[in-house]
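Structure data (compact mmCIF, C-alpha atoms) from work-v7.txt:
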# COMPACT_ATOMS: atom_id res chain seq x y z
CA MET A 1 -27.45 -32.56 -7.47
CA PRO A 2 -24.71 -34.97 -6.23
CA SER A 3 -21.10 -34.26 -7.12
CA LYS A 4 -19.72 -36.13 -10.11
CA TYR A 5 -16.44 -36.74 -8.29
CA ASN A 6 -15.80 -38.40 -4.94
CA ALA A 7 -12.93 -37.27 -2.73
CA GLU A 8 -13.06 -40.66 -1.02
CA ARG A 9 -12.40 -42.82 -4.05
CA LEU A 10 -11.59 -46.02 -2.16
CA GLN A 11 -14.63 -46.44 0.08
CA GLY A 12 -15.35 -50.10 0.78
CA GLN A 13 -11.95 -51.30 -0.42
CA VAL A 14 -9.34 -53.20 1.59
CA ALA A 15 -5.66 -52.38 1.09
CA ILE A 16 -2.42 -54.01 2.23
CA VAL A 17 0.69 -51.81 2.41
CA THR A 18 3.98 -53.52 3.24
CA ALA A 19 6.79 -51.75 5.11
CA ALA A 20 4.28 -49.08 6.07
CA THR A 21 5.57 -47.75 9.38
CA LYS A 22 7.71 -44.94 8.01
CA GLY A 23 8.62 -43.01 4.89
CA ILE A 24 6.80 -43.67 1.64
CA GLY A 25 4.93 -46.69 2.98
CA LEU A 26 3.47 -44.77 5.89
CA ALA A 27 2.43 -41.89 3.63
CA ILE A 28 0.71 -44.35 1.27
CA ALA A 29 -1.13 -46.07 4.11
CA GLU A 30 -2.36 -42.75 5.48
CA ARG A 31 -3.48 -41.50 2.07
CA LEU A 32 -5.37 -44.68 1.20
CA GLY A 33 -7.10 -44.44 4.57
CA GLN A 34 -8.02 -40.82 3.87
CA GLU A 35 -9.50 -42.00 0.57
CA GLY A 36 -11.82 -44.31 2.50
CA ALA A 37 -10.03 -47.67 2.31
CA SER A 38 -9.56 -50.07 5.19
CA VAL A 39 -5.78 -50.34 5.49
CA ILE A 40 -3.60 -53.09 6.90
CA ILE A 41 0.00 -52.10 7.49
CA SER A 42 2.96 -54.39 8.07
CA SER A 43 6.50 -54.12 9.35
CA ARG A 44 9.20 -56.44 10.62
CA ASP A 45 8.93 -54.96 14.13
CA GLN A 46 5.85 -55.13 16.41
CA LYS A 47 6.80 -51.91 18.18
CA ASN A 48 6.83 -50.04 14.88
CA VAL A 49 3.45 -51.51 13.94
CA ASP A 50 1.92 -50.45 17.26
CA GLU A 51 3.35 -46.93 17.13
CA THR A 52 2.18 -46.45 13.54
CA LEU A 53 -1.34 -47.65 14.29
CA THR A 54 -1.50 -45.12 17.12
CA TYR A 55 -0.28 -42.38 14.79
CA LEU A 56 -2.75 -43.26 12.03
CA LYS A 57 -5.69 -43.33 14.42
CA LYS A 58 -4.67 -39.97 15.90
CA SER A 59 -4.38 -38.55 12.38
CA GLY A 60 -8.13 -38.85 11.99
CA LEU A 61 -8.54 -42.21 10.29
CA ASN A 62 -11.36 -44.47 11.40
CA PRO A 63 -9.84 -46.80 14.07
CA SER A 64 -12.05 -49.67 12.90
CA LYS A 65 -10.55 -49.42 9.42
CA ILE A 66 -6.88 -49.53 10.43
CA ASP A 67 -4.93 -52.58 11.55
CA GLY A 68 -1.46 -54.05 11.31
CA ILE A 69 0.65 -57.16 11.67
CA VAL A 70 4.32 -58.10 11.80
CA CYS A 71 5.50 -59.32 8.42
CA HIS A 72 9.00 -59.78 7.08
CA VAL A 73 8.16 -60.01 3.39
CA GLY A 74 11.16 -62.25 2.77
CA ASN A 75 9.62 -64.88 5.06
CA ALA A 76 7.07 -67.17 3.37
CA GLU A 77 5.27 -67.92 6.64
CA HIS A 78 4.97 -64.20 7.41
CA ARG A 79 3.54 -63.49 3.95
CA GLN A 80 0.87 -66.16 4.41
CA GLN A 81 0.04 -64.89 7.90
CA LEU A 82 -0.42 -61.37 6.53
CA VAL A 83 -2.86 -62.52 3.85
CA ASP A 84 -4.75 -64.78 6.30
CA PHE A 85 -4.99 -61.92 8.80
CA VAL A 86 -6.51 -59.56 6.25
CA VAL A 87 -8.98 -62.09 4.86
CA LYS A 88 -10.11 -63.14 8.33
CA LYS A 89 -10.70 -59.53 9.40
CA TYR A 90 -12.16 -58.04 6.22
CA GLY A 91 -13.10 -61.00 4.04
CA LYS A 92 -11.35 -59.70 0.92
CA ILE A 93 -8.32 -57.91 -0.55
CA ASP A 94 -8.74 -55.17 -3.17
CA ILE A 95 -5.36 -53.42 -3.15
CA LEU A 96 -1.79 -54.59 -2.58
CA VAL A 97 1.04 -52.07 -2.35
CA ASN A 98 4.40 -53.85 -2.50
CA ASN A 99 6.43 -51.14 -0.83
CA ALA A 100 9.03 -53.15 1.09
CA GLY A 101 12.61 -52.79 -0.10
CA ILE A 102 16.17 -52.71 1.18
CA ASN A 103 19.44 -51.15 0.13
CA PRO A 104 22.15 -52.68 2.34
CA ALA A 105 24.93 -52.27 -0.23
CA PHE A 106 26.72 -49.00 -0.98
CA GLY A 107 29.76 -48.79 -3.23
CA ASP A 108 30.92 -49.98 -6.64
CA ILE A 109 28.70 -52.65 -8.15
CA LEU A 110 31.68 -55.00 -8.67
CA ASP A 111 32.21 -55.02 -4.89
CA VAL A 112 28.74 -56.40 -4.18
CA GLU A 113 29.07 -59.97 -2.93
CA GLU A 114 26.86 -62.86 -3.95
CA LYS A 115 25.08 -63.03 -0.60
CA MET A 116 24.17 -59.36 -0.94
CA TRP A 117 22.79 -59.89 -4.44
CA ASP A 118 20.67 -62.73 -3.11
CA LYS A 119 19.37 -60.59 -0.23
CA LEU A 120 18.55 -57.65 -2.50
CA PHE A 121 16.59 -59.75 -4.98
CA GLU A 122 14.94 -61.82 -2.23
CA VAL A 123 13.36 -58.75 -0.63
CA ASN A 124 13.09 -56.20 -3.44
CA VAL A 125 11.81 -58.48 -6.21
CA LYS A 126 10.95 -62.03 -5.23
CA ALA A 127 9.03 -61.24 -2.03
CA GLY A 128 6.66 -58.81 -3.74
CA PHE A 129 6.04 -61.27 -6.55
CA LEU A 130 5.24 -64.10 -4.15
CA LEU A 131 2.96 -61.91 -2.05
CA THR A 132 1.19 -60.90 -5.24
CA LYS A 133 0.61 -64.60 -6.06
CA LEU A 134 -1.02 -65.03 -2.66
CA VAL A 135 -3.47 -62.13 -3.04
CA VAL A 136 -4.45 -62.64 -6.69
CA PRO A 137 -7.00 -65.41 -5.96
CA TYR A 138 -8.88 -63.06 -3.64
CA MET A 139 -8.86 -60.30 -6.25
CA VAL A 140 -10.14 -62.76 -8.85
CA LYS A 141 -12.93 -63.67 -6.44
CA ASN A 142 -13.76 -59.94 -6.08
CA GLY A 143 -13.74 -59.52 -9.83
CA VAL A 144 -11.33 -56.58 -9.55
CA GLY A 145 -8.01 -55.66 -7.98
CA ASN A 146 -5.05 -53.30 -7.98
CA ILE A 147 -1.39 -54.09 -7.37
CA ILE A 148 1.34 -51.48 -6.99
CA PHE A 149 5.12 -51.91 -6.90
CA ASN A 150 7.41 -49.26 -5.48
CA ALA A 151 10.25 -49.17 -8.00
CA SER A 152 12.69 -46.24 -8.44
CA VAL A 153 14.09 -43.91 -11.05
CA GLY A 154 17.25 -45.89 -10.33
CA GLY A 155 15.57 -48.70 -12.23
CA TYR A 156 15.93 -46.69 -15.44
CA HIS A 157 19.51 -45.61 -14.76
CA PRO A 158 21.13 -47.43 -11.82
CA PRO A 159 23.22 -44.74 -10.12
CA LYS A 160 26.79 -45.18 -8.95
CA GLY A 161 27.01 -46.21 -5.34
CA ILE A 162 23.63 -47.95 -5.27
CA ALA A 163 23.67 -49.64 -8.67
CA ALA A 164 22.85 -53.10 -7.33
CA TYR A 165 19.73 -51.68 -5.68
CA GLY A 166 18.91 -49.96 -8.97
CA VAL A 167 19.14 -53.24 -10.86
CA THR A 168 16.52 -54.80 -8.57
CA LYS A 169 14.27 -51.86 -9.36
CA THR A 170 14.85 -52.42 -13.08
CA ALA A 171 13.53 -55.92 -12.48
CA LEU A 172 10.40 -54.43 -10.87
CA LEU A 173 9.72 -52.34 -13.97
CA GLY A 174 9.69 -55.53 -16.03
CA LEU A 175 7.72 -57.46 -13.43
CA THR A 176 5.04 -54.77 -13.43
CA LYS A 177 4.56 -55.11 -17.18
CA ALA A 178 4.63 -58.90 -17.14
CA LEU A 179 2.06 -59.18 -14.35
CA ALA A 180 -0.14 -56.51 -15.93
CA GLU A 181 -0.33 -58.53 -19.13
CA SER A 182 -0.99 -61.75 -17.25
CA LEU A 183 -3.77 -60.31 -15.06
CA ALA A 184 -5.52 -57.87 -17.39
CA ASN A 185 -8.12 -60.42 -18.48
CA ARG A 186 -9.01 -60.93 -14.81
CA ASN A 187 -9.68 -57.22 -14.28
CA ILE A 188 -6.62 -56.79 -12.08
CA ARG A 189 -4.44 -53.80 -12.84
CA VAL A 190 -0.73 -53.72 -12.02
CA ASN A 191 1.23 -50.48 -11.96
CA ALA A 192 4.27 -48.98 -10.29
CA ILE A 193 5.71 -45.73 -9.04
CA ALA A 194 9.35 -44.81 -9.56
CA PRO A 195 10.34 -42.27 -6.91
CA GLY A 196 13.32 -40.01 -7.38
CA ILE A 197 15.18 -38.79 -4.31
CA ILE A 198 12.49 -38.72 -1.62
CA LYS A 199 13.36 -37.40 1.82
CA THR A 200 13.21 -40.61 3.84
CA LYS A 201 15.53 -42.47 6.17
CA MET A 202 16.42 -44.92 3.40
CA SER A 203 17.75 -42.13 1.17
CA GLN A 204 19.37 -40.24 4.04
CA VAL A 205 22.89 -41.00 2.83
CA LEU A 206 22.12 -38.94 -0.28
CA TRP A 207 21.01 -35.77 1.51
CA ASP A 208 22.29 -35.82 5.09
CA HIS A 209 25.57 -33.94 5.16
CA GLY A 210 26.36 -35.37 8.58
CA GLN A 211 27.24 -38.74 7.07
CA ASP A 212 30.75 -40.22 6.86
CA ASN A 213 32.80 -38.11 4.43
CA ASN A 214 33.76 -40.96 2.08
CA ILE A 215 30.22 -42.28 1.85
CA GLN A 216 28.83 -38.76 1.57
CA SER A 217 31.17 -37.94 -1.31
CA GLU A 218 30.02 -40.99 -3.29
CA ALA A 219 26.41 -40.32 -2.37
CA GLN A 220 26.61 -36.68 -3.37
CA HIS A 221 27.93 -37.72 -6.77
CA SER A 222 24.93 -40.05 -7.16
CA LEU A 223 22.58 -37.25 -6.14
CA GLU A 224 24.13 -34.87 -8.68
CA GLU A 225 23.72 -37.51 -11.39
CA MET A 226 20.04 -37.70 -10.52
CA ASN A 227 19.54 -33.94 -10.30
CA ASN A 228 16.09 -32.76 -11.30
CA PRO A 229 14.69 -29.54 -12.76
CA MET A 230 12.60 -28.84 -9.63
CA ASN A 231 15.85 -28.71 -7.65
CA ARG A 232 14.44 -30.15 -4.44
CA LEU A 233 13.87 -33.45 -2.69
CA GLY A 234 10.49 -35.11 -2.96
CA GLU A 235 8.22 -35.80 0.00
CA PRO A 236 6.66 -39.20 0.80
CA GLU A 237 3.18 -37.70 0.44
CA GLU A 238 3.91 -36.92 -3.21
CA CYS A 239 4.42 -40.64 -3.85
CA ALA A 240 1.27 -41.46 -1.90
CA GLY A 241 -0.82 -39.23 -4.13
CA ALA A 242 0.38 -41.11 -7.22
CA VAL A 243 -0.49 -44.45 -5.64
CA ALA A 244 -3.96 -43.25 -4.60
CA PHE A 245 -4.58 -42.24 -8.21
CA LEU A 246 -3.34 -45.51 -9.68
CA VAL A 247 -5.52 -47.71 -7.45
CA SER A 248 -8.63 -45.58 -7.98
CA ASN A 249 -11.15 -45.70 -10.81
CA ASP A 250 -9.59 -42.49 -12.12
CA ALA A 251 -6.88 -44.80 -13.49
CA SER A 252 -9.27 -47.54 -14.63
CA TYR A 253 -7.71 -47.78 -18.11
CA ILE A 254 -4.10 -47.74 -16.92
CA THR A 255 -2.12 -50.94 -16.34
CA GLY A 256 1.49 -51.98 -16.83
CA GLU A 257 2.65 -48.40 -16.37
CA THR A 258 5.16 -46.73 -14.07
CA ILE A 259 4.72 -43.15 -12.87
CA VAL A 260 8.00 -41.39 -12.20
CA VAL A 261 7.73 -39.21 -9.10
CA GLY A 262 11.04 -37.48 -9.59
CA GLY A 263 10.68 -33.75 -9.98
CA GLY A 264 11.21 -33.86 -13.75
CA LEU A 265 14.09 -36.35 -13.86
CA HIS A 266 14.72 -37.55 -17.40
CA ALA A 267 14.05 -41.24 -16.81
CA ARG A 268 12.79 -41.97 -20.34
CA LEU A 269 11.32 -40.37 -23.46

Output the structure of this file as C-alpha cells.
Amino acid sequence: MPSKYNAERLQGQVAIVTAATKGIGLAIAERLGQEGASVIISSRDQKNVDETLTYLKKSGLNPSKIDGIVCHVGNAEHRQQLVDFVVKKYGKIDILVNNAGINPAFGDILDVEEKMWDKLFEVNVKAGFLLTKLVVPYMVKNGVGNIIFNASVGGYHPPKGIAAYGVTKTALLGLTKALAESLANRNIRVNAIAPGIIKTKMSQVLWDHGQDNNIQSEAQHSLEEMNNPMNRLGEPEECAGAVAFLVSNDASYITGETIVVGGGLHARL
C-alpha cells in the first residue's frame, strides 16, 4: 500500500529563490531541491552563483534541476531577465521566494538619511513586489502558485540600531496580506516567514563579539531586546523548513500568514 505522505512534496514544481547564494536563501534553495523542485537561484555576483551551483550539485541535488543567474532585484532589467530565463528553461514558475534584502544602516533611526531610506525600500519591499507582478501571470496560467516573502520579527517590533530595516519588514507583513487577498481567487497563496536572530553573515553584527566595540554595544542591546526563550540563535535550515511547508500542499489552506521563526519570541498574541 503506498504511503499517504510524500517526503518530496514539490516534485514537478519550479521555484525561484532570490539572494540564494548564502544564509537563509541558500538553505531555502537546498531544501526546496531536496523536496523535489527544480530550483533557480540568483545573486548579484556571477562568482557566487557559480560557486553555489557547484555546492548544490555536490550536496546531492539533481544537476538538471538546479540553475542560476545573476540578478540584482533592484534592477528592472535583471528582474525581467530572471523570469525570462526560468520560463525559457522550464516553461513555468510555481514558486517565488522573495528572499533578497539589505540592511546597510545601523544606528538611531533619526540618523538614517533619505537616500538610505530609498535604498532600503527599493530592495526590501519594492523589488519583491515588482518581481511578484512579473511571475503572477505564469502562476495564473498554471492555475496555482506560491509566493513567499522573507520578513523579520523586526517587522513586529523594529529594534534599536536597525529600526529602519525593521520598518521595511513591517511593510512586507502588510504586503503579504494585501497580495494574499488579491490573488486568492486565482489559487495563488502568499505567505511570509519572520526570522528572529538567525546565524548568518547579515546578522553577524548581533552575535560576533569581534565587531567594533561601539557597534557591538548597540547590537548587543538589540539582541537582548529580542531575546527568546530557547536562548540560542536560529539556523538558516530552520527557516528553510518553514518555507518548504508553506509552499507545499500541507499548507494548502494557509494564505496571508506569517510564520515567526524566532525561538519563541513574543512577536504577537

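For the residues A:Ile198, A:Tyr90, A:Gly263, A:Ala151, ranking by smallest atom-to-atom distance to A:Glu237 using all atoms listed in the file places A:Ile198 first.
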
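Compared by their closest atoms to A:Gln11, and using only C-alpha atoms, the residues A:Val97, A:Leu120, A:Val39, A:Met230 rank with A:Val39 nearest.
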
I want to know what sits within 7 Å of stretch 71-81 of chain A, based on all atoms listed in the file, with residues of the same chain fewer than 6 positions away left out; could you give that as a CSV table (one decimal) with C-alpha atoms, keeping the file's coordinate frame?
chain,number,residue,atom,x,y,z
A,42,SER,CA,3.0,-54.4,8.1
A,43,SER,CA,6.5,-54.1,9.4
A,44,ARG,CA,9.2,-56.4,10.6
A,122,GLU,CA,14.9,-61.8,-2.2
A,123,VAL,CA,13.4,-58.8,-0.6
A,127,ALA,CA,9.0,-61.2,-2.0
A,131,LEU,CA,3.0,-61.9,-2.0

A:Lys169 surroundings by only C-alpha atoms, 9 Å radius, close-in-sequence under 4 positions cut, as a JSON list (two decimals) with C-alpha atoms, in the coordinates of the input:
[["chain", "number", "residue", "atom", "x", "y", "z"],
["A", 124, "ASN", "CA", 13.09, -56.20, -3.44],
["A", 125, "VAL", "CA", 11.81, -58.48, -6.21],
["A", 150, "ASN", "CA", 7.41, -49.26, -5.48],
["A", 151, "ALA", "CA", 10.25, -49.17, -8.00],
["A", 152, "SER", "CA", 12.69, -46.24, -8.44],
["A", 153, "VAL", "CA", 14.09, -43.91, -11.05],
["A", 154, "GLY", "CA", 17.25, -45.89, -10.33],
["A", 155, "GLY", "CA", 15.57, -48.70, -12.23],
["A", 156, "TYR", "CA", 15.93, -46.69, -15.44],
["A", 158, "PRO", "CA", 21.13, -47.43, -11.82],
["A", 164, "ALA", "CA", 22.85, -53.10, -7.33],
["A", 165, "TYR", "CA", 19.73, -51.68, -5.68],
["A", 173, "LEU", "CA", 9.72, -52.34, -13.97],
["A", 174, "GLY", "CA", 9.69, -55.53, -16.03],
["A", 194, "ALA", "CA", 9.35, -44.81, -9.56]]

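Here the question is which of A:Ala29, A:Ala15, A:Val83, A:Leu172 gets nearest to A:Lys57 using all atoms listed in the file, and that residue is A:Ala29.
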
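Residue nearest A:Leu53, chosen from A:Val140, A:Ile40, A:Leu130, A:Val247 and counting all atoms listed in the file: A:Ile40.
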
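For the pair atom CA of A:Ile162 and atom CA of A:Val112, the separation is 9.9 Å.
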
Closest of A:Lys199, A:Arg268, A:Lys22, A:Arg31 to A:Asn48 - atom-to-atom distances counting only C-alpha atoms: A:Lys22

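With atom CA of A:Ser59 on one side and atom CA of A:Ile197 on the other, the separation reads 25.7 Å.
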
Find the nearest atom pair between each residue of stretch 115-189 of chain A and stretch 250-253 of chain A for residues within 12 Å, count all atoms listed in the file, give distances in Å to one decimal, sort rows by chain and ascending number, and present the table as a Markdown table.
| residue | atom | partner | partner_atom | distance |
| --- | --- | --- | --- | --- |
| A:Val144 | CA | A:Ser252 | CA | 10.6 |
| A:Gly145 | CA | A:Ser252 | CA | 10.6 |
| A:Asn146 | CA | A:Ser252 | CA | 9.8 |
| A:Ala180 | CA | A:Tyr253 | CA | 11.8 |
| A:Ala184 | CA | A:Tyr253 | CA | 10.4 |
| A:Asn187 | CA | A:Ser252 | CA | 9.7 |
| A:Ile188 | CA | A:Ser252 | CA | 10.0 |
| A:Arg189 | CA | A:Ser252 | CA | 8.1 |

With C-alpha atoms retained, write the just-selected residues as an mmCIF file, keeping the file's coordinate frame.
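part_35.cif, freshly written:
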data_model
loop_
_atom_site.group_PDB
_atom_site.id
_atom_site.type_symbol
_atom_site.label_atom_id
_atom_site.label_comp_id
_atom_site.auth_asym_id
_atom_site.auth_seq_id
_atom_site.Cartn_x
_atom_site.Cartn_y
_atom_site.Cartn_z
ATOM 1 C CA VAL A 144 -11.330 -56.580 -9.550
ATOM 2 C CA GLY A 145 -8.010 -55.660 -7.980
ATOM 3 C CA ASN A 146 -5.050 -53.300 -7.980
ATOM 4 C CA ALA A 180 -0.140 -56.510 -15.930
ATOM 5 C CA ALA A 184 -5.520 -57.870 -17.390
ATOM 6 C CA ASN A 187 -9.680 -57.220 -14.280
ATOM 7 C CA ILE A 188 -6.620 -56.790 -12.080
ATOM 8 C CA ARG A 189 -4.440 -53.800 -12.840
#

Give the answer as one residue: which of A:Asn98, A:Val17, A:Ile193, A:Thr200 has the shortest atom-to-atom distance to A:Leu233, using all atoms listed in the file? A:Thr200

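Across the structure, atom CA of A:Val87 and atom CA of A:Asn62 are spaced 18.9 Å apart.
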
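Around A:Gly241, within 10 Å and counting only C-alpha atoms, the residues found are Ala27, Ile28, Arg31, Leu32 and Val261 of chain A, once anything fewer than 6 positions away on its own chain is removed.
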
Neighbour list for A:Pro236 as a CSV table (one decimal) with C-alpha atoms, keeping the file's coordinate frame, cut-off 6 Å, all atoms listed in the file, skip fewer than 3 positions in-chain:
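The resulting file, selection.csv, is shown below:
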chain,number,residue,atom,x,y,z
A,23,GLY,CA,8.6,-43.0,4.9
A,24,ILE,CA,6.8,-43.7,1.6
A,27,ALA,CA,2.4,-41.9,3.6
A,239,CYS,CA,4.4,-40.6,-3.8
